[in-house]
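J.: File final_7.txt follows (compact mmCIF, C-alpha atoms):
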```txt
# COMPACT_ATOMS: atom_id res chain seq x y z
CA MET A 1 34.12 5.71 88.08
CA SER A 2 36.10 8.72 86.80
CA ARG A 3 38.04 6.44 84.41
CA LEU A 4 34.73 5.15 82.99
CA LEU A 5 33.47 8.71 82.50
CA LEU A 6 36.63 9.73 80.71
CA THR A 7 36.46 6.72 78.34
CA SER A 8 32.82 7.49 77.52
CA ARG A 9 33.65 11.18 76.78
CA GLY A 10 36.47 10.07 74.48
CA ARG A 11 34.16 7.79 72.50
CA CYS A 12 31.62 10.58 72.13
CA SER A 13 34.14 13.05 70.70
CA ALA A 14 35.49 10.35 68.35
CA ARG A 15 31.92 9.78 67.08
CA LYS A 16 31.49 13.52 66.59
CA GLY A 17 34.73 13.62 64.59
CA SER A 18 33.76 10.79 62.27
CA ALA A 19 30.29 12.35 61.76
CA MET A 20 32.01 15.58 60.67
CA ILE A 21 34.17 13.69 58.15
CA GLU A 22 31.10 11.82 56.83
CA LEU A 23 29.21 15.08 56.47
CA ALA A 24 32.10 16.73 54.66
CA LEU A 25 32.40 13.80 52.23
CA SER A 26 28.67 13.42 51.59
CA ALA A 27 28.14 17.20 51.32
CA GLY A 28 30.73 17.30 48.52
CA VAL A 29 28.94 14.56 46.62
CA MET A 30 25.51 16.13 47.29
CA LEU A 31 26.65 19.57 46.13
CA ALA A 32 28.11 18.08 42.94
CA PHE A 33 24.79 16.28 42.30
CA LEU A 34 22.78 19.43 42.98
CA GLY A 35 25.06 21.51 40.75
CA GLY A 36 24.80 18.96 37.93
CA THR A 37 21.04 18.75 38.34
CA PHE A 38 20.71 22.52 38.13
CA GLN A 39 23.00 22.72 35.10
CA PHE A 40 21.18 20.09 33.07
CA GLY A 41 17.75 21.16 34.29
CA TYR A 42 18.32 24.79 33.34
CA THR A 43 19.99 23.91 30.03
CA PHE A 44 17.08 21.66 29.00
CA TYR A 45 14.61 24.35 30.09
CA ALA A 46 16.38 27.00 28.00
CA TYR A 47 16.73 24.64 25.01
CA ASN A 48 13.02 23.86 25.23
CA GLN A 49 12.28 27.59 25.15
CA LEU A 50 14.54 27.89 22.09
CA VAL A 51 12.69 25.06 20.29
CA THR A 52 9.36 26.77 21.01
CA ALA A 53 10.68 30.18 19.89
CA VAL A 54 12.23 28.82 16.68
CA GLY A 55 9.05 26.82 15.92
CA ASN A 56 6.86 29.90 16.40
CA GLY A 57 9.22 32.03 14.31
CA ALA A 58 9.35 29.46 11.51
CA ARG A 59 5.55 29.09 11.51
CA TYR A 60 5.28 32.88 11.22
CA ALA A 61 7.93 32.94 8.46
CA ALA A 62 6.07 30.25 6.52
CA MET A 63 2.89 32.32 6.39
CA ARG A 64 4.29 35.84 6.15
CA THR A 65 4.10 37.62 2.78
CA TYR A 66 7.48 37.36 1.07
CA ARG A 67 8.34 40.74 -0.44
CA SER A 68 11.35 40.70 -2.73
CA ALA A 69 11.05 44.01 -4.60
CA THR A 70 14.32 45.26 -3.08
CA PRO A 71 17.04 43.76 -0.85
CA GLU A 72 15.73 46.09 1.91
CA ASP A 73 12.32 44.40 1.69
CA ILE A 74 13.90 40.99 2.15
CA GLU A 75 15.97 42.27 5.09
CA LYS A 76 12.87 43.82 6.65
CA GLY A 77 11.13 40.46 6.48
CA ARG A 78 14.14 38.73 7.99
CA GLU A 79 14.21 41.28 10.83
CA ALA A 80 10.50 40.70 11.59
CA ILE A 81 11.07 36.91 11.74
CA ARG A 82 14.11 37.35 14.00
CA ASN A 83 12.06 39.55 16.32
CA MET A 84 9.29 36.95 16.38
CA VAL A 85 11.81 34.30 17.48
CA VAL A 86 13.54 36.44 20.09
CA TYR A 87 10.65 38.49 21.49
CA GLY A 88 7.57 36.58 20.34
CA ASP A 89 6.51 39.71 18.44
CA SER A 90 7.46 40.90 14.93
CA LYS A 91 7.43 44.54 16.09
CA PRO A 92 8.54 44.48 19.73
CA ASP A 93 8.50 47.44 22.11
CA PRO A 94 11.90 49.08 22.75
CA GLY A 95 12.12 47.51 26.22
CA ALA A 96 10.97 44.03 25.16
CA VAL A 97 12.53 41.09 27.00
CA PRO A 98 13.80 38.10 24.98
CA VAL A 99 11.99 34.79 25.55
CA VAL A 100 15.37 33.14 26.22
CA ALA A 101 17.87 35.03 28.38
CA ASN A 102 20.69 36.71 26.39
CA LEU A 103 19.30 35.68 22.99
CA LYS A 104 19.77 38.42 20.38
CA PRO A 105 18.11 38.86 16.96
CA GLN A 106 21.53 38.62 15.25
CA GLN A 107 21.83 35.05 16.52
CA VAL A 108 18.76 33.93 14.56
CA GLN A 109 19.46 32.73 11.01
CA VAL A 110 16.63 32.94 8.46
CA GLU A 111 17.12 31.40 5.02
CA TRP A 112 14.60 30.96 2.22
CA THR A 113 14.99 28.06 -0.19
CA PRO A 114 14.17 29.49 -3.62
CA GLY A 115 11.50 27.65 -5.56
CA GLU A 116 10.23 27.92 -9.10
CA HIS A 117 8.80 31.22 -10.37
CA GLY A 118 10.73 33.22 -7.74
CA ALA A 119 8.55 32.36 -4.75
CA PRO A 120 10.35 30.64 -1.87
CA ASN A 121 9.79 26.91 -1.53
CA ALA A 122 10.70 26.68 2.16
CA VAL A 123 12.10 28.73 5.01
CA THR A 124 14.69 27.58 7.55
CA VAL A 125 15.06 29.23 10.94
CA SER A 126 17.96 28.31 13.21
CA ILE A 127 19.99 29.60 16.14
CA SER A 128 23.73 30.15 15.77
CA HIS A 129 26.56 31.31 18.02
CA PHE A 130 24.39 31.09 21.12
CA ALA A 131 25.52 29.37 24.29
CA ILE A 132 23.18 28.61 27.18
CA ASP A 133 24.80 29.97 30.33
CA ALA A 134 24.17 27.40 33.08
CA VAL A 135 26.31 29.26 35.70
CA PHE A 136 28.97 26.52 36.10
CA THR A 137 29.45 25.99 32.40
CA GLN A 138 28.09 26.99 28.99
CA PHE A 139 26.41 24.72 26.45
CA ASP A 140 26.69 25.56 22.76
CA PHE A 141 24.39 23.49 20.55
CA GLY A 142 26.09 24.58 17.31
CA GLY A 143 23.32 25.68 14.94
CA ARG A 144 20.50 23.94 16.83
CA PRO A 145 17.60 24.08 17.10
CA SER A 146 16.97 24.36 13.37
CA VAL A 147 13.53 24.12 11.82
CA GLU A 148 12.37 24.06 8.19
CA PHE A 149 8.82 24.93 7.20
CA PRO A 150 7.33 24.86 3.70
CA TYR A 151 6.55 28.36 2.51
CA VAL A 152 2.77 28.77 2.21
CA GLY A 153 2.42 32.57 2.35
CA ASN A 154 1.79 35.12 -0.38
CA TYR A 155 4.57 36.13 -2.73
CA ALA A 156 5.00 39.81 -3.65
CA PRO A 157 7.66 39.84 -6.41
CA ALA A 158 9.67 42.74 -7.71
CA GLU A 159 8.14 44.77 -10.58
CA SER A 160 10.62 43.23 -13.04
CA GLU A 161 9.56 39.68 -12.06
CA ARG A 162 5.83 40.29 -12.55
CA MET B 1 21.33 6.27 53.14
CA SER B 2 19.50 4.22 50.50
CA VAL B 3 16.36 6.35 50.98
CA ALA B 4 18.43 9.50 50.46
CA THR B 5 20.01 8.01 47.31
CA LEU B 6 16.58 7.17 45.89
CA LEU B 7 15.35 10.69 46.62
CA LEU B 8 18.44 12.14 45.00
CA LEU B 9 17.98 10.00 41.88
CA ALA B 10 14.32 11.02 41.73
CA VAL B 11 15.23 14.74 41.82
CA VAL B 12 17.99 14.29 39.23
CA GLY B 13 15.57 12.23 37.12
CA LEU B 14 12.89 14.89 37.28
CA ALA B 15 15.33 17.53 36.03
CA PHE B 16 17.12 15.40 33.42
CA ASP B 17 14.51 12.96 32.07
CA LEU B 18 11.47 15.23 32.23
CA GLY B 19 13.51 18.01 30.61
CA ARG B 20 14.34 15.74 27.66
CA ILE B 21 10.75 14.51 27.40
CA TYR B 22 9.41 18.08 27.16
CA ILE B 23 12.00 18.98 24.51
CA ALA B 24 11.15 15.86 22.47
CA ARG B 25 7.43 16.65 22.71
CA ASN B 26 8.06 20.17 21.44
CA GLU B 27 10.35 19.02 18.63
CA ALA B 28 7.78 16.41 17.53
CA GLN B 29 5.01 19.01 17.49
CA VAL B 30 7.08 21.43 15.39
CA PHE B 31 7.89 18.58 12.98
CA THR B 32 4.27 17.47 12.51
CA ASP B 33 3.17 21.11 12.04
CA ALA B 34 5.76 21.60 9.29
CA ALA B 35 5.12 18.18 7.71
CA SER B 36 1.33 18.55 7.59
CA LEU B 37 1.74 22.00 5.98
CA ALA B 38 4.16 20.47 3.43
CA ALA B 39 1.63 17.73 2.64
CA ALA B 40 -1.22 20.25 2.27
CA LYS B 41 0.94 22.45 0.06
CA SER B 42 1.65 19.48 -2.22
CA LEU B 43 -2.06 18.62 -2.35
CA ASP B 44 -2.69 22.21 -3.43
CA ASN B 45 -0.02 22.18 -6.15
CA PRO B 46 -1.70 22.14 -9.60
CA GLU B 47 1.42 20.54 -11.13
CA THR B 48 0.99 17.34 -9.11
CA GLN B 49 -2.76 16.89 -9.51
CA GLY B 50 -2.35 13.47 -11.11
CA GLN B 51 -0.40 12.13 -8.12
CA ARG B 52 -1.55 14.31 -5.24
CA LEU B 53 -1.16 11.72 -2.50
CA GLU B 54 2.26 10.50 -3.67
CA ALA B 55 3.51 14.09 -3.87
CA ALA B 56 2.22 14.81 -0.36
CA ARG B 57 3.89 11.70 1.08
CA ALA B 58 7.15 12.59 -0.68
CA ALA B 59 7.01 16.14 0.72
CA VAL B 60 6.67 14.77 4.27
CA ALA B 61 9.53 12.31 3.72
CA ARG B 62 11.77 15.19 2.60
CA MET B 63 11.30 17.19 5.83
CA PRO B 64 14.74 17.61 7.44
CA ASN B 65 13.53 18.44 10.97
CA ARG B 66 14.97 16.23 13.69
CA TRP B 67 14.32 15.43 17.34
CA ASN B 68 16.12 14.31 20.53
CA LEU B 69 18.06 17.59 20.80
CA GLY B 70 18.14 17.76 17.01
CA THR B 71 20.13 14.53 16.61
CA GLN B 72 17.65 11.92 15.30
CA SER B 73 15.34 11.82 12.31
CA PHE B 74 11.68 10.90 12.81
CA LYS B 75 10.70 7.29 12.15
CA GLY B 76 7.32 5.65 11.60
CA VAL B 77 5.70 8.89 10.39
CA VAL B 78 2.07 8.35 9.31
CA VAL B 79 0.44 10.52 6.63
CA GLU B 80 -3.36 10.37 6.32
CA PHE B 81 -5.85 12.21 4.16
CA SER B 82 -9.42 13.30 4.48
CA ALA B 83 -12.08 15.02 2.41
CA ASP B 84 -14.04 16.37 5.40
CA GLY B 85 -11.59 16.48 8.31
CA LEU B 86 -13.47 13.70 10.12
CA HIS B 87 -12.78 10.44 8.28
CA TRP B 88 -9.13 9.64 7.73
CA ASP B 89 -7.52 7.21 5.32
CA LYS B 90 -3.91 6.52 4.36
CA SER B 91 -4.88 5.86 0.73
CA PRO B 92 -8.32 7.26 -0.03
CA GLU B 93 -9.89 6.10 -3.28
CA ASP B 94 -11.03 9.56 -4.35
CA ALA B 95 -7.75 11.47 -4.24
CA ALA B 96 -9.26 14.48 -5.98
CA ALA B 97 -11.65 15.06 -3.06
CA VAL B 98 -8.91 15.23 -0.42
CA GLN B 99 -8.82 18.58 1.41
CA PHE B 100 -6.99 17.76 4.66
CA SER B 101 -3.70 16.12 5.54
CA ARG B 102 -2.84 14.72 8.96
CA VAL B 103 0.73 13.85 9.93
CA SER B 104 1.44 11.80 13.04
CA ALA B 105 4.81 11.00 14.58
CA PRO B 106 3.86 8.22 17.01
CA MET B 107 7.17 6.48 17.69
CA ASN B 108 9.40 9.04 19.41
CA GLU B 109 10.75 7.06 22.34
CA VAL B 110 12.85 9.02 24.81
CA GLU B 111 15.22 6.78 26.74
CA ILE B 112 14.79 7.32 30.48
CA THR B 113 18.14 7.54 32.29
CA PHE B 114 17.56 8.30 35.98
CA LEU B 115 13.85 7.83 36.71
CA ARG B 116 14.06 4.14 35.78
CA ALA B 117 16.25 3.62 38.86
CA VAL B 118 13.32 4.68 41.06
CA GLY B 119 10.67 2.61 39.30
CA GLY B 120 10.14 4.68 36.16
CA PRO B 121 9.80 3.20 32.64
CA ASP B 122 12.77 2.44 30.35
CA PHE B 123 11.28 4.55 27.55
CA PHE B 124 8.68 7.27 27.31
CA THR B 125 6.84 7.82 24.05
CA VAL B 126 5.99 11.38 23.02
CA PRO B 127 3.61 11.23 20.05
CA ALA B 128 2.45 14.30 18.11
CA HIS B 129 0.07 14.99 15.27
CA SER B 130 -1.07 17.99 13.22
CA VAL B 131 -3.76 18.64 10.65
CA ALA B 132 -3.48 21.08 7.75
CA GLU B 133 -6.08 22.20 5.24
CA THR B 134 -5.69 23.08 1.58
CA GLY B 135 -6.91 26.17 -0.29
CA PRO B 136 -5.59 28.27 1.41
CA VAL B 137 -2.97 26.10 3.08
CA ARG B 138 -3.13 26.50 6.86
CA LEU B 139 -2.82 24.56 10.08
CA VAL B 140 -6.15 23.64 11.65
CA GLU B 141 -5.06 21.38 14.54
```
Could you rewrite the structure in this file as structure tokens?
T.:
Amino acid sequence: MSRLLLTSRGRCSARKGSAMIELALSAGVMLAFLGGTFQFGYTFYAYNQLVTAVGNGARYAAMRTYRSATPEDIEKGREAIRNMVVYGDSKPDPGAVPVVANLKPQQVQVEWTPGEHGAPNAVTVSISHFAIDAVFTQFDFGGRPSVEFPYVGNYAPAESER
Amino acid sequence: MSVATLLLLAVVGLAFDLGRIYIARNEAQVFTDAASLAAAKSLDNPETQGQRLEAARAAVARMPNRWNLGTQSFKGVVVEFSADGLHWDKSPEDAAAVQFSRVSAPMNEVEITFLRAVGGPDFFTVPAHSVAETGPVRLVE
């Protein structure tokens, strides 16, 4: 009787031991899966936000009056477009929060393609030197997203060009 | 064990595949917005009045915007024209009366990676379209 009891107790603790090993192995795999899921999920979420922000900024840039009287005018326009991409507002409040975490106006590139008669033909808005921080790793999309819109706004040339 | 694996694949699929689908949908919308504006701008250009429709189609074909995380160019893009914004035609007879351009990108197929293992489709199509008006050029849809 006592021998039977002892054998049964031994089997039980052996089962407990193998369950612990199984748990340890499967928990490792599960955690790796969960970590990977979070990384890709968050990266795609942030990239989607970037595409929306760049699209909105480029749409704004396409319709905004292009003032080229002085280099300061052009830079002012570029600054407004950058703010539109980063904050969703061309003149943001001092404490405005960027639409994508850690995105800064300096990381938004705005380039006008010159057309005939001085007015821009198109405007390209892109993101550069920005990495999406997904906790375990960082994803740098190298100049993407990049969007080109035809310029359809008003053109305010310099006095000498009129 | 197999139930847990299916659940795991479903969760991974939701994060990975749905994420890509939403990005593709956004990229396609931005492209059609830009392309319809380009077409309307060409329609409005007095220098191309003799070949308004050809110039508009060429302007759409020149658009460099890409999709699928900015890696693929758009295929099967459809450009249509309308005089009233209601009746659309790829090649209207009265080109001079055209006031609207509509650009559709109907063939953007995102390849499904994980959700297909739990009964999802192999591909998911994310179409987009936009309408722009001439004089002044602006997006209307």
J.: Counting all atoms listed in the file, collect the residues of chain B whose closest atom lies at most 7 Å from chain A, and write them out as a PyMOL selection string.
T.: chain B and resi 12+15-16+19-20+23+26-27+30+34+37-38+41+64-65+70+137
J.: Got a sec: who's within 10 Å of Asn83 in chain A, counting only C-alpha atoms, leaving out chain neighbours fewer than 6 positions off, as a count of residues only?
T.: 12
J.: Please report the interatomic distance between CA of Val85 in chain A and CA of Asp33 in chain B in Å with one decimal.
T.: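 Between these atoms lies a distance of 16.7 Å.
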J.: List the neighbours of Pro92 in chain B out to 10 Å using all atoms listed in the file; skip same-chain residues closer than 6 positions along the sequence, and give me the result as a PyMOL selection string.
T.: chain B and resi 53+80-83+98
J.: Which of these, B:Asp84, B:Val140, B:Trp67, B:Thr134, has the shortest distance to Gln29 in chain B once you count all atoms listed in the file?
T.: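 Smallest separation from Gln29 in chain B among the options: B:Trp67.
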J.: Could you tell me which of B:Arg62, B:Ser36, B:Phe100, B:Ala95 comes closest to Ser130 in chain B if we count only C-alpha atoms?
T.: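 That would be B:Ser36, the residue with the smallest distance to Ser130 in chain B.
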J.: CA of Gln109 in chain A and CA of Thr70 in chain A, how far apart in Å?
T.: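 So the two atoms, CA of Thr70 in chain A and CA of Gln109 in chain A, lie 19.5 Å apart.
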J.: What's the separation between CA of Leu9 in chain B and CA of Glu111 in chain B, in Å to one decimal place?
T.: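 Separation between CA of Leu9 in chain B and CA of Glu111 in chain B: 15.7 Å.
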J.: Need to verify the contact set: Phe130 in chain A, 8 Å, only C-alpha atoms, exclusion of same-chain residues closer than 4 positions in sequence. Can you return it as a list in words?
T.: Leu103, Gln107, Asp140, Phe141 and Gly142 of chain A
J.: Around all the atoms of range 12-19 of chain A listed in the file, with 6 Å of room on each side, what axis-aligned box do you get, giving centre and edge lengths in Å to one decimal, as AutoDock Vina command-line options?
T.:
```
--center_x 32.9 --center_y 11.7 --center_z 66.9 --size_x 17.2 --size_y 15.8 --size_z 22.4
```
J.: So, with all atoms listed in the file as the atoms that count, which of B:Leu43, B:Val126, B:Met63, B:Ile112 lies closest to Asp17 in chain B?
T.: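 Distance minimum relative to Asp17 in chain B lands on B:Ile112.
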